[in-house]
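K.L.:
My file is coords00.pdb. It has PDB, C-alpha atoms:
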```
MODEL        1
ATOM      1  CA  MET A  25     -48.744 -26.986   6.905
ATOM      2  CA  ALA A  26     -47.194 -23.660   5.907
ATOM      3  CA  ASP A  27     -45.695 -23.233   9.395
ATOM      4  CA  THR A  28     -44.313 -26.770   9.216
ATOM      5  CA  ALA A  29     -42.753 -26.142   5.790
ATOM      6  CA  THR A  30     -41.223 -22.886   6.983
ATOM      7  CA  THR A  31     -39.762 -24.583  10.039
ATOM      8  CA  ALA A  32     -38.386 -27.414   7.909
ATOM      9  CA  SER A  33     -36.803 -24.974   5.480
ATOM     10  CA  ALA A  34     -35.200 -23.022   8.324
ATOM     11  CA  ALA A  35     -33.900 -26.235   9.870
ATOM     12  CA  ALA A  36     -32.481 -27.375   6.537
ATOM     13  CA  ALA A  37     -30.764 -24.026   6.040
ATOM     14  CA  SER A  38     -29.317 -24.168   9.549
ATOM     15  CA  ALA A  39     -28.057 -27.695   8.957
ATOM     16  CA  ALA A  40     -26.478 -26.702   5.656
ATOM     17  CA  ASN A  41     -24.752 -23.734   7.258
ATOM     18  CA  ALA A  42     -23.518 -25.869  10.115
ATOM     19  CA  SER A  43     -22.158 -28.537   7.781
ATOM     20  CA  THR A  44     -20.169 -26.023   5.777
ATOM     21  CA  ASP A  45     -19.122 -23.781   8.696
ATOM     22  CA  ALA A  46     -20.618 -20.862   6.767
ATOM     23  CA  PRO A  47     -22.558 -17.970   8.334
ATOM     24  CA  PRO A  48     -26.220 -17.304   7.476
ATOM     25  CA  PHE A  49     -26.682 -15.955   3.952
ATOM     26  CA  GLN A  50     -26.178 -12.194   3.583
ATOM     27  CA  LEU A  51     -26.666 -10.443   0.259
ATOM     28  CA  GLY A  52     -23.461  -8.733  -0.810
ATOM     29  CA  LYS A  53     -21.313 -10.557   1.765
ATOM     30  CA  PRO A  54     -18.867 -13.415   1.009
ATOM     31  CA  ARG A  55     -19.919 -16.849   2.206
ATOM     32  CA  PHE A  56     -16.483 -17.617   3.660
ATOM     33  CA  GLN A  57     -14.346 -15.470   5.943
ATOM     34  CA  GLN A  58     -11.976 -13.229   3.959
ATOM     35  CA  THR A  59      -9.547 -12.660   6.830
ATOM     36  CA  SER A  60      -7.855 -16.050   6.382
ATOM     37  CA  PHE A  61      -6.129 -17.632   3.391
ATOM     38  CA  TYR A  62      -8.322 -20.748   3.663
ATOM     39  CA  GLY A  63     -11.492 -18.668   3.664
ATOM     40  CA  ARG A  64     -10.349 -16.730   0.600
ATOM     41  CA  PHE A  65      -9.331 -20.007  -1.077
ATOM     42  CA  ARG A  66     -12.838 -21.470  -0.521
ATOM     43  CA  HIS A  67     -14.367 -18.186  -1.720
ATOM     44  CA  PHE A  68     -12.397 -18.095  -4.969
ATOM     45  CA  LEU A  69     -13.079 -21.766  -5.686
ATOM     46  CA  ASP A  70     -16.699 -20.604  -5.976
ATOM     47  CA  ILE A  71     -15.799 -17.533  -8.059
ATOM     48  CA  ILE A  72     -13.795 -19.479 -10.694
ATOM     49  CA  ASP A  73     -16.357 -22.292 -11.014
ATOM     50  CA  PRO A  74     -16.725 -22.717 -14.837
ATOM     51  CA  ARG A  75     -20.388 -23.710 -14.398
ATOM     52  CA  THR A  76     -21.194 -20.014 -13.915
ATOM     53  CA  LEU A  77     -20.334 -19.450 -17.592
ATOM     54  CA  PHE A  78     -23.622 -21.076 -18.592
ATOM     55  CA  VAL A  79     -25.907 -18.837 -16.548
ATOM     56  CA  THR A  80     -27.788 -16.601 -18.984
ATOM     57  CA  GLU A  81     -31.006 -15.706 -17.144
ATOM     58  CA  LEU A  82     -31.631 -13.965 -13.815
ATOM     59  CA  TRP A  83     -29.835 -15.407 -10.831
ATOM     60  CA  SER A  84     -30.495 -15.442  -7.099
ATOM     61  CA  ALA A  85     -27.431 -17.190  -5.719
ATOM     62  CA  GLN A  86     -24.689 -14.981  -4.319
ATOM     63  CA  LYS A  87     -22.097 -17.200  -5.985
ATOM     64  CA  ILE A  88     -23.505 -16.448  -9.413
ATOM     65  CA  LYS A  89     -23.644 -12.714  -8.707
ATOM     66  CA  GLN A  90     -20.036 -12.551  -7.552
ATOM     67  CA  ALA A  91     -18.801 -14.621 -10.477
ATOM     68  CA  ILE A  92     -20.623 -12.647 -13.184
ATOM     69  CA  LEU A  93     -21.070  -9.026 -12.053
ATOM     70  CA  HIS A  94     -18.337  -6.443 -11.537
ATOM     71  CA  PRO A  95     -18.425  -5.303  -7.866
ATOM     72  CA  ASP A  96     -18.001  -1.597  -8.746
ATOM     73  CA  THR A  97     -20.298  -1.251 -11.751
ATOM     74  CA  ASN A  98     -22.717  -4.179 -11.184
ATOM     75  CA  GLU A  99     -22.399  -4.812 -14.920
ATOM     76  CA  LYS A 100     -22.040  -8.285 -16.386
ATOM     77  CA  ILE A 101     -18.418  -9.173 -17.248
ATOM     78  CA  PHE A 102     -17.938 -10.594 -20.743
ATOM     79  CA  MET A 103     -17.763 -14.401 -20.449
ATOM     80  CA  PRO A 104     -14.129 -15.086 -21.558
ATOM     81  CA  PHE A 105     -12.811 -12.416 -19.182
ATOM     82  CA  ARG A 106     -14.544 -13.550 -15.984
ATOM     83  CA  MET A 107     -12.418 -15.356 -13.418
ATOM     84  CA  SER A 108     -14.664 -18.380 -13.967
ATOM     85  CA  GLY A 109     -13.633 -18.254 -17.631
ATOM     86  CA  TYR A 110      -9.909 -17.875 -16.973
ATOM     87  CA  ILE A 111      -9.218 -21.619 -16.885
ATOM     88  CA  PRO A 112     -11.472 -22.795 -19.763
ATOM     89  CA  PHE A 113     -10.269 -20.034 -22.100
ATOM     90  CA  GLY A 114      -6.695 -19.831 -20.784
ATOM     91  CA  THR A 115      -5.709 -23.504 -20.746
ATOM     92  CA  PRO A 116      -5.397 -23.855 -24.556
ATOM     93  CA  ILE A 117      -3.053 -20.839 -24.505
ATOM     94  CA  VAL A 118      -0.933 -22.419 -21.761
ATOM     95  CA  VAL A 119      -0.681 -25.622 -23.781
ATOM     96  CA  GLY A 120       0.512 -23.555 -26.743
ATOM     97  CA  LEU A 121       3.100 -21.734 -24.630
ATOM     98  CA  LEU A 122       4.564 -25.044 -23.454
ATOM     99  CA  LEU A 123       4.742 -26.785 -26.826
ATOM    100  CA  PRO A 124       8.272 -28.111 -27.473
ATOM    101  CA  ASN A 125      10.478 -27.021 -30.386
ATOM    102  CA  GLN A 126       8.930 -23.566 -30.651
ATOM    103  CA  THR A 127       9.790 -21.502 -33.720
ATOM    104  CA  LEU A 128      10.192 -17.739 -33.581
ATOM    105  CA  ALA A 129       6.771 -17.279 -35.159
ATOM    106  CA  SER A 130       5.036 -19.676 -32.752
ATOM    107  CA  THR A 131       6.731 -18.060 -29.730
ATOM    108  CA  VAL A 132       5.556 -14.624 -30.816
ATOM    109  CA  PHE A 133       2.037 -15.894 -31.553
ATOM    110  CA  TRP A 134       1.452 -17.650 -28.214
ATOM    111  CA  GLN A 135       2.953 -14.824 -26.152
ATOM    112  CA  TRP A 136       0.802 -12.327 -28.048
ATOM    113  CA  LEU A 137      -2.329 -14.417 -27.546
ATOM    114  CA  ASN A 138      -1.598 -14.943 -23.842
ATOM    115  CA  GLN A 139      -1.045 -11.257 -23.098
ATOM    116  CA  SER A 140      -4.064 -10.280 -25.181
ATOM    117  CA  HIS A 141      -6.213 -12.514 -22.991
ATOM    118  CA  ASN A 142      -4.523 -11.252 -19.800
ATOM    119  CA  ALA A 143      -5.001  -7.624 -20.819
ATOM    120  CA  CYS A 144      -8.729  -8.131 -21.284
ATOM    121  CA  VAL A 145      -9.032 -10.046 -17.975
ATOM    122  CA  ASN A 146      -7.130  -7.305 -16.115
ATOM    123  CA  TYR A 147      -9.263  -4.591 -17.662
ATOM    124  CA  ALA A 148     -12.552  -6.406 -17.037
ATOM    125  CA  ASN A 149     -11.672  -7.096 -13.359
ATOM    126  CA  ARG A 150      -9.998  -3.770 -12.524
ATOM    127  CA  ASN A 151     -11.118  -1.302  -9.875
ATOM    128  CA  ALA A 152     -13.762   0.575 -11.868
ATOM    129  CA  THR A 153     -14.640   3.346  -9.426
ATOM    130  CA  LYS A 154     -13.026   5.822 -11.839
ATOM    131  CA  PRO A 155     -13.456   5.940 -15.637
ATOM    132  CA  SER A 156     -10.594   4.455 -17.658
ATOM    133  CA  PRO A 157      -9.981   5.804 -21.173
ATOM    134  CA  VAL A 158      -9.457   3.456 -24.103
ATOM    135  CA  SER A 159      -5.964   4.924 -24.586
ATOM    136  CA  LYS A 160      -4.874   3.356 -21.266
ATOM    137  CA  PHE A 161      -6.142  -0.027 -22.403
ATOM    138  CA  ILE A 162      -4.173   0.235 -25.659
ATOM    139  CA  GLN A 163      -1.032   1.422 -23.806
ATOM    140  CA  GLY A 164      -1.147  -1.474 -21.362
ATOM    141  CA  TYR A 165      -1.870  -3.985 -24.091
ATOM    142  CA  LEU A 166       1.065  -2.884 -26.244
ATOM    143  CA  GLY A 167       3.454  -2.711 -23.291
ATOM    144  CA  ALA A 168       2.610  -6.207 -22.066
ATOM    145  CA  VAL A 169       2.814  -7.814 -25.498
ATOM    146  CA  ILE A 170       6.104  -6.125 -26.399
ATOM    147  CA  SER A 171       7.738  -7.074 -23.073
ATOM    148  CA  ALA A 172       6.560 -10.702 -23.212
ATOM    149  CA  VAL A 173       7.594 -11.285 -26.801
ATOM    150  CA  SER A 174      10.956  -9.547 -26.328
ATOM    151  CA  ILE A 175      11.878 -11.571 -23.233
ATOM    152  CA  ALA A 176      10.667 -14.872 -24.673
ATOM    153  CA  VAL A 177      12.484 -14.414 -27.982
ATOM    154  CA  GLY A 178      15.648 -13.223 -26.206
ATOM    155  CA  LEU A 179      15.698 -16.220 -23.866
ATOM    156  CA  ASN A 180      15.082 -18.621 -26.748
ATOM    157  CA  VAL A 181      17.986 -17.116 -28.683
ATOM    158  CA  LEU A 182      20.281 -17.461 -25.647
ATOM    159  CA  VAL A 183      19.283 -21.093 -25.188
ATOM    160  CA  GLN A 184      19.882 -21.847 -28.862
ATOM    161  CA  LYS A 185      23.371 -20.338 -28.654
ATOM    162  CA  ALA A 186      24.263 -22.269 -25.499
ATOM    163  CA  ASN A 187      26.402 -24.917 -27.192
ATOM    164  CA  LYS A 188      27.348 -26.592 -23.913
ATOM    165  CA  PHE A 189      23.778 -27.864 -23.497
ATOM    166  CA  THR A 190      22.911 -31.280 -24.861
ATOM    167  CA  PRO A 191      19.860 -31.351 -27.174
ATOM    168  CA  ALA A 192      17.774 -32.940 -24.411
ATOM    169  CA  THR A 193      18.842 -30.313 -21.851
ATOM    170  CA  ARG A 194      18.242 -27.496 -24.332
ATOM    171  CA  LEU A 195      14.714 -28.779 -24.981
ATOM    172  CA  LEU A 196      14.012 -28.950 -21.230
ATOM    173  CA  VAL A 197      15.346 -25.426 -20.639
ATOM    174  CA  GLN A 198      13.264 -24.093 -23.527
ATOM    175  CA  ARG A 199      10.141 -25.422 -21.844
ATOM    176  CA  PHE A 200      10.815 -23.172 -18.833
ATOM    177  CA  VAL A 201      11.363 -20.040 -20.965
ATOM    178  CA  PRO A 202       7.646 -19.042 -20.907
ATOM    179  CA  PHE A 203       7.632 -18.506 -17.117
ATOM    180  CA  PRO A 204      10.010 -15.497 -16.806
ATOM    181  CA  ALA A 205       8.519 -14.031 -19.962
ATOM    182  CA  VAL A 206       4.943 -14.374 -18.743
ATOM    183  CA  ALA A 207       5.679 -13.322 -15.134
ATOM    184  CA  SER A 208       7.459 -10.103 -16.153
ATOM    185  CA  ALA A 209       4.875  -9.319 -18.796
ATOM    186  CA  ASN A 210       2.066  -9.910 -16.284
ATOM    187  CA  ILE A 211       3.507  -7.212 -14.020
ATOM    188  CA  CYS A 212       3.749  -4.776 -16.942
ATOM    189  CA  ASN A 213       0.247  -5.749 -17.995
ATOM    190  CA  VAL A 214      -1.323  -5.017 -14.596
ATOM    191  CA  VAL A 215       0.546  -1.748 -14.037
ATOM    192  CA  LEU A 216      -0.032  -0.373 -17.526
ATOM    193  CA  MET A 217      -3.632  -1.547 -17.792
ATOM    194  CA  ARG A 218      -4.492   0.065 -14.454
ATOM    195  CA  TYR A 219      -2.093   3.012 -14.388
ATOM    196  CA  GLY A 220      -5.040   5.384 -14.397
ATOM    197  CA  GLU A 221      -5.827   4.252 -10.849
ATOM    198  CA  LEU A 222      -2.417   5.502  -9.696
ATOM    199  CA  GLU A 223      -3.102   8.873 -11.304
ATOM    200  CA  GLN A 224      -6.692   9.362 -10.144
ATOM    201  CA  GLY A 225      -6.832   7.192  -7.036
ATOM    202  CA  ILE A 226      -9.542   4.695  -6.167
ATOM    203  CA  ASP A 227     -12.580   4.990  -3.916
ATOM    204  CA  VAL A 228     -12.234   3.909  -0.282
ATOM    205  CA  LEU A 229     -15.278   3.063   1.855
ATOM    206  CA  ASP A 230     -15.962   2.935   5.566
ATOM    207  CA  GLY A 231     -17.389  -0.098   7.351
ATOM    208  CA  ASP A 232     -20.940   0.856   6.383
ATOM    209  CA  GLY A 233     -20.101   1.129   2.691
ATOM    210  CA  ASN A 234     -20.112   4.924   2.632
ATOM    211  CA  LEU A 235     -17.680   6.669   0.307
ATOM    212  CA  VAL A 236     -14.867   8.343   2.258
ATOM    213  CA  GLY A 237     -12.789   9.655  -0.614
ATOM    214  CA  SER A 238     -10.353   8.797  -3.386
ATOM    215  CA  SER A 239      -6.869   7.560  -2.502
ATOM    216  CA  ARG A 240      -3.756   7.150  -4.662
ATOM    217  CA  ILE A 241      -2.027   5.288  -1.838
ATOM    218  CA  ALA A 242      -4.813   2.700  -1.776
ATOM    219  CA  ALA A 243      -4.472   2.398  -5.550
ATOM    220  CA  ARG A 244      -0.765   1.686  -5.139
ATOM    221  CA  HIS A 245      -1.537  -1.063  -2.622
ATOM    222  CA  ALA A 246      -4.175  -2.509  -4.954
ATOM    223  CA  LEU A 247      -1.820  -2.669  -7.927
ATOM    224  CA  LEU A 248       1.032  -4.129  -5.869
ATOM    225  CA  GLU A 249      -1.180  -6.895  -4.488
ATOM    226  CA  THR A 250      -2.633  -7.683  -7.910
ATOM    227  CA  ALA A 251       0.825  -7.717  -9.521
ATOM    228  CA  LEU A 252       2.056 -10.195  -6.906
ATOM    229  CA  THR A 253      -0.830 -12.542  -7.689
ATOM    230  CA  ARG A 254       0.108 -12.346 -11.383
ATOM    231  CA  VAL A 255       3.674 -13.443 -10.569
ATOM    232  CA  VAL A 256       2.504 -16.356  -8.422
ATOM    233  CA  LEU A 257      -0.189 -17.445 -10.903
ATOM    234  CA  PRO A 258       2.091 -18.709 -13.713
ATOM    235  CA  MET A 259       4.479 -20.532 -11.361
ATOM    236  CA  PRO A 260       2.520 -23.809 -11.081
ATOM    237  CA  ILE A 261       1.070 -23.405 -14.575
ATOM    238  CA  LEU A 262       4.351 -22.980 -16.454
ATOM    239  CA  VAL A 263       6.772 -24.796 -14.130
ATOM    240  CA  LEU A 264       4.930 -27.959 -13.054
ATOM    241  CA  PRO A 265       3.790 -29.211 -16.507
ATOM    242  CA  PRO A 266       7.337 -29.259 -18.002
ATOM    243  CA  ILE A 267       8.570 -31.253 -15.007
ATOM    244  CA  VAL A 268       5.645 -33.673 -15.117
ATOM    245  CA  MET A 269       5.822 -34.089 -18.903
ATOM    246  CA  SER A 270       9.590 -34.718 -18.848
ATOM    247  CA  MET A 271       8.847 -37.731 -16.636
ATOM    248  CA  LEU A 272       5.722 -38.929 -18.449
ATOM    249  CA  GLU A 273       7.440 -38.821 -21.836
ATOM    250  CA  LYS A 274       9.789 -41.571 -20.642
ATOM    251  CA  THR A 275       6.933 -43.969 -19.910
ATOM    252  CA  ALA A 276       6.359 -46.914 -22.222
ATOM    253  CA  LEU A 277       2.798 -45.785 -22.961
ATOM    254  CA  LEU A 278       3.728 -42.374 -24.382
ATOM    255  CA  GLN A 279       6.823 -43.669 -26.142
ATOM    256  CA  ALA A 280       4.684 -46.247 -27.904
ATOM    257  CA  ARG A 281       1.859 -43.746 -28.592
ATOM    258  CA  PRO A 282       3.398 -40.298 -29.209
ATOM    259  CA  ARG A 283       0.030 -39.006 -30.444
ATOM    260  CA  LEU A 284      -1.109 -39.018 -26.806
ATOM    261  CA  LEU A 285       1.521 -36.440 -25.826
ATOM    262  CA  LEU A 286      -0.601 -33.385 -26.633
ATOM    263  CA  PRO A 287      -3.801 -34.645 -24.929
ATOM    264  CA  VAL A 288      -1.817 -35.663 -21.842
ATOM    265  CA  GLN A 289      -0.030 -32.319 -21.727
ATOM    266  CA  SER A 290      -3.375 -30.549 -22.048
ATOM    267  CA  LEU A 291      -4.755 -32.454 -19.040
ATOM    268  CA  VAL A 292      -1.620 -31.701 -17.005
ATOM    269  CA  CYS A 293      -1.892 -27.994 -17.863
ATOM    270  CA  LEU A 294      -5.598 -27.985 -16.981
ATOM    271  CA  ALA A 295      -4.884 -29.530 -13.578
ATOM    272  CA  ALA A 296      -2.041 -27.062 -12.893
ATOM    273  CA  PHE A 297      -4.200 -24.106 -13.946
ATOM    274  CA  GLY A 298      -7.085 -25.286 -11.769
ATOM    275  CA  LEU A 299      -4.744 -25.395  -8.761
ATOM    276  CA  ALA A 300      -2.826 -22.185  -9.477
ATOM    277  CA  LEU A 301      -5.692 -19.754 -10.079
ATOM    278  CA  PRO A 302      -7.523 -20.023  -6.730
ATOM    279  CA  LEU A 303      -4.195 -20.193  -4.865
ATOM    280  CA  ALA A 304      -2.907 -17.010  -6.517
ATOM    281  CA  ILE A 305      -6.006 -14.837  -6.250
ATOM    282  CA  SER A 306      -6.584 -15.984  -2.654
ATOM    283  CA  LEU A 307      -3.346 -14.343  -1.491
ATOM    284  CA  PHE A 308      -5.195 -11.074  -0.813
ATOM    285  CA  PRO A 309      -8.889 -10.298  -0.225
ATOM    286  CA  GLN A 310     -10.628  -8.604  -3.146
ATOM    287  CA  MET A 311     -12.118  -6.027  -0.773
ATOM    288  CA  SER A 312      -8.888  -5.121   1.007
ATOM    289  CA  GLU A 313      -8.729  -3.254   4.301
ATOM    290  CA  ILE A 314      -6.211  -0.553   5.196
ATOM    291  CA  GLU A 315      -5.760   1.744   8.187
ATOM    292  CA  THR A 316      -6.627   5.379   7.547
ATOM    293  CA  THR A 317      -3.311   6.435   9.132
ATOM    294  CA  GLN A 318      -1.539   4.893   6.134
ATOM    295  CA  LEU A 319      -3.536   6.965   3.656
ATOM    296  CA  GLU A 320      -3.642  10.636   2.699
ATOM    297  CA  PRO A 321      -4.379  13.070   5.586
ATOM    298  CA  GLU A 322      -7.636  14.177   4.000
ATOM    299  CA  ILE A 323      -8.869  10.562   4.003
ATOM    300  CA  ALA A 324      -8.092  10.130   7.712
ATOM    301  CA  GLN A 325      -9.839  13.414   8.511
ATOM    302  CA  ALA A 326     -12.950  12.527   6.513
ATOM    303  CA  THR A 327     -13.961   9.525   8.637
ATOM    304  CA  SER A 328     -13.986   8.361  12.216
ATOM    305  CA  SER A 329     -13.350   4.770  11.138
ATOM    306  CA  ARG A 330      -9.954   3.334  11.981
ATOM    307  CA  THR A 331      -9.874   1.381   8.711
ATOM    308  CA  VAL A 332     -11.393   1.678   5.258
ATOM    309  CA  VAL A 333     -11.851  -0.840   2.459
ATOM    310  CA  TYR A 334     -11.249  -0.720  -1.287
ATOM    311  CA  ASN A 335     -11.767  -3.028  -4.245
ATOM    312  CA  LYS A 336      -8.328  -4.428  -5.077
ATOM    313  CA  GLY A 337      -9.567  -5.920  -8.322
ATOM    314  CA  LEU A 338      -8.688  -9.416  -9.505
TER     315      LEU A 338
ENDMDL
END
```
So that I can check it, write out the structure of this file as structure tokens.
P.N.:
Amino acid sequence: MADTATTASAAAASAANASTDAPPFQLGKPRFQQTSFYGRFRHFLDIIDPRTLFVTELWSAQKIKQAILHPDTNEKIFMPFRMSGYIPFGTPIVVGLLLPNQTLASTVFWQWLNQSHNACVNYANRNATKPSPVSKFIQGYLGAVISAVSIAVGLNVLVQKANKFTPATRLLVQRFVPFPAVASANICNVVLMRYGELEQGIDVLDGDGNLVGSSRIAARHALLETALTRVVLPMPILVLPPIVMSMLEKTALLQARPRLLLPVQSLVCLAAFGLALPLAISLFPQMSEIETTQLEPEIAQATSSRTVVYNKGL
């Protein structure tokens, strides 16, 4: 009976793997291939699954481990700052950023709240192979908030002074103001929050997971790739909802029931966020690969491997 059960279990596992085109389970290895965009997209759909927020006891599934634990420290990431928490905790902020008829105070508040959340997410998901002092966290936080608020307020002032716009056009333009503010602030946020990596370098590993050395060039690649994802991320989130809402607001249903505007906008933002996050963070593999010839000479001399890998961070 035991042999029969074992055989059945093995057959079931083989069938499951075949149906999902996934390789046999390997601890510490992604389920989907990370060399293709589609594989990374499938991988990050697992990582951002909000159901992982409710896991409080021990876990055995690789999906749960990757969603909860930091790959460098193996420490649990605080719930709101996990990638699986980005959408549930970030969507209310996006809705606030896109509210029409923003006042100066509300613009400052929502930009501050958004960059506060982003700063904590960037810090929690950074490359943690080197210690990062609290002063760097504070520096990055202040830089991101100041840049976001300054750009958002400046753009709002310009729109208000544009007398050639009709009130309807001015309202539509104001809805797109959050995107350039958030995109530029996101770049500042990533660079300032993780500037210590540029100074100290990050660990690079050979194919067997052995430490080769610390590379500033790899750190530069990591920050550039992460910054690009932070520019792509707000595009669908802050551009699509204003377009969709400008059309939905003209429907008879919403004109007759204006109280539905906020719930509908919230659902539109949630859908846009759910699409944008896996698309953005799938642009580059988290464990990125780079040829040793592109790195410092001492790195190339320290290993016989043609390539090394490093944790880009998320």
K.L.:
May I ask for the distance between atom CA of A:Ser329 and atom CA of A:Thr317, given in Å to one decimal place?
P.N.:
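Taking atom CA of A:Ser329 as the start and atom CA of A:Thr317 as the end point, the length is 10.4 Å.
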K.L.:
Restricting the calculation to only C-alpha atoms, which member of A:Leu291, A:Ala276, A:Val173, A:Pro302 is positioned closest to A:Leu128?
P.N.:
A:Val173
K.L.:
Applied to this file, what does the PyMOL selection byres ((chain A and resi 289) around 9) return in terms of residues, put as a VMD selection string?
P.N.:
chain A and resid 119 122 to 123 265 to 266 268 to 269 284 to 288 290 to 294
K.L.:
Output C-alpha atoms of each residue in that selection to a file, as a PDB file, keeping the file's coordinate frame.
P.N.:
```
ATOM      1  CA  VAL A 119      -0.681 -25.622 -23.781  1.00  0.00           C
ATOM      2  CA  LEU A 122       4.564 -25.044 -23.454  1.00  0.00           C
ATOM      3  CA  LEU A 123       4.742 -26.785 -26.826  1.00  0.00           C
ATOM      4  CA  PRO A 265       3.790 -29.211 -16.507  1.00  0.00           C
ATOM      5  CA  PRO A 266       7.337 -29.259 -18.002  1.00  0.00           C
ATOM      6  CA  VAL A 268       5.645 -33.673 -15.117  1.00  0.00           C
ATOM      7  CA  MET A 269       5.822 -34.089 -18.903  1.00  0.00           C
ATOM      8  CA  LEU A 284      -1.109 -39.018 -26.806  1.00  0.00           C
ATOM      9  CA  LEU A 285       1.521 -36.440 -25.826  1.00  0.00           C
ATOM     10  CA  LEU A 286      -0.601 -33.385 -26.633  1.00  0.00           C
ATOM     11  CA  PRO A 287      -3.801 -34.645 -24.929  1.00  0.00           C
ATOM     12  CA  VAL A 288      -1.817 -35.663 -21.842  1.00  0.00           C
ATOM     13  CA  SER A 290      -3.375 -30.549 -22.048  1.00  0.00           C
ATOM     14  CA  LEU A 291      -4.755 -32.454 -19.040  1.00  0.00           C
ATOM     15  CA  VAL A 292      -1.620 -31.701 -17.005  1.00  0.00           C
ATOM     16  CA  CYS A 293      -1.892 -27.994 -17.863  1.00  0.00           C
ATOM     17  CA  LEU A 294      -5.598 -27.985 -16.981  1.00  0.00           C
TER      18      LEU A 294
END
```
K.L.:
From (-21.3, -18.6, -2.3), in the file's coordinates, out to 7 Å: which residues are reached, counting only C-alpha atoms? Answer as a list of chain:residue names.
P.N.:
A:Pro54, A:Arg55, A:His67, A:Asp70, A:Gln86, A:Lys87
K.L.:
Which residues match the PyMOL selection byres ((chain A and resi 156-162) around 9) in the file above, as a ChimeraX atom specification?
P.N.:
/A:143-144,147,152,154-155,163-167,216-221
K.L.:
Separation of atom CA of A:Gly225 and atom CA of A:Pro321, in Å?
P.N.:
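Going from atom CA of A:Gly225 over to atom CA of A:Pro321 covers 14.1 Å.
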K.L.:
Which is closer to A:Val145 than all the others in A:Gly298, A:Pro191, A:Gly114, A:Pro124, using all atoms listed in the file?
P.N.:
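Among A:Gly298, A:Pro191, A:Gly114, A:Pro124, it is A:Gly114 that comes nearest to A:Val145.
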K.L.:
Counting all atoms listed in the file, which residue out of A:Ile241, A:Ile170, A:Met271, A:Leu247 sits closest to A:Phe133?
P.N.:
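Checking each of A:Ile241, A:Ile170, A:Met271, A:Leu247 against A:Phe133, counting all atoms listed in the file, the winner is A:Ile170.
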K.L.:
At what distance in Å, to one decimal, does atom CA of A:Arg240 lie from atom CA of A:Leu319?
P.N.:
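If I compute the distance from atom CA of A:Leu319 to atom CA of A:Arg240, I get 8.3 Å.
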K.L.:
Could you list, as a count of residues only, every residue matched by the PyMOL selection byres ((chain A and resi 62) around 12) in this structure?
P.N.:
20
K.L.:
Fewer than 6 positions away in the same chain doesn't count, so skip those; otherwise give me all residues within 12 Å of A:Ser171, counting all atoms listed in the file, as a PyMOL selection string.
P.N.:
chain A and resi 132+135-136+139+164-165+177-178+204-213+216
K.L.:
Please identify all polymer residues within 12 Å of A:Arg75, counting all atoms listed in the file, omitting same-chain residues fewer than 4 positions from it, and present them as a PDB file with C-alpha atoms, in the frame of the given file.
P.N.:
```pdb
ATOM      1  CA  LEU A  69     -13.079 -21.766  -5.686  1.00  0.00           C
ATOM      2  CA  ASP A  70     -16.699 -20.604  -5.976  1.00  0.00           C
ATOM      3  CA  ILE A  71     -15.799 -17.533  -8.059  1.00  0.00           C
ATOM      4  CA  VAL A  79     -25.907 -18.837 -16.548  1.00  0.00           C
ATOM      5  CA  THR A  80     -27.788 -16.601 -18.984  1.00  0.00           C
ATOM      6  CA  LYS A  87     -22.097 -17.200  -5.985  1.00  0.00           C
ATOM      7  CA  ILE A  88     -23.505 -16.448  -9.413  1.00  0.00           C
ATOM      8  CA  ALA A  91     -18.801 -14.621 -10.477  1.00  0.00           C
ATOM      9  CA  ILE A  92     -20.623 -12.647 -13.184  1.00  0.00           C
ATOM     10  CA  MET A 103     -17.763 -14.401 -20.449  1.00  0.00           C
ATOM     11  CA  ARG A 106     -14.544 -13.550 -15.984  1.00  0.00           C
ATOM     12  CA  MET A 107     -12.418 -15.356 -13.418  1.00  0.00           C
ATOM     13  CA  SER A 108     -14.664 -18.380 -13.967  1.00  0.00           C
ATOM     14  CA  GLY A 109     -13.633 -18.254 -17.631  1.00  0.00           C
ATOM     15  CA  ILE A 111      -9.218 -21.619 -16.885  1.00  0.00           C
ATOM     16  CA  PRO A 112     -11.472 -22.795 -19.763  1.00  0.00           C
TER      17      PRO A 112
END
```
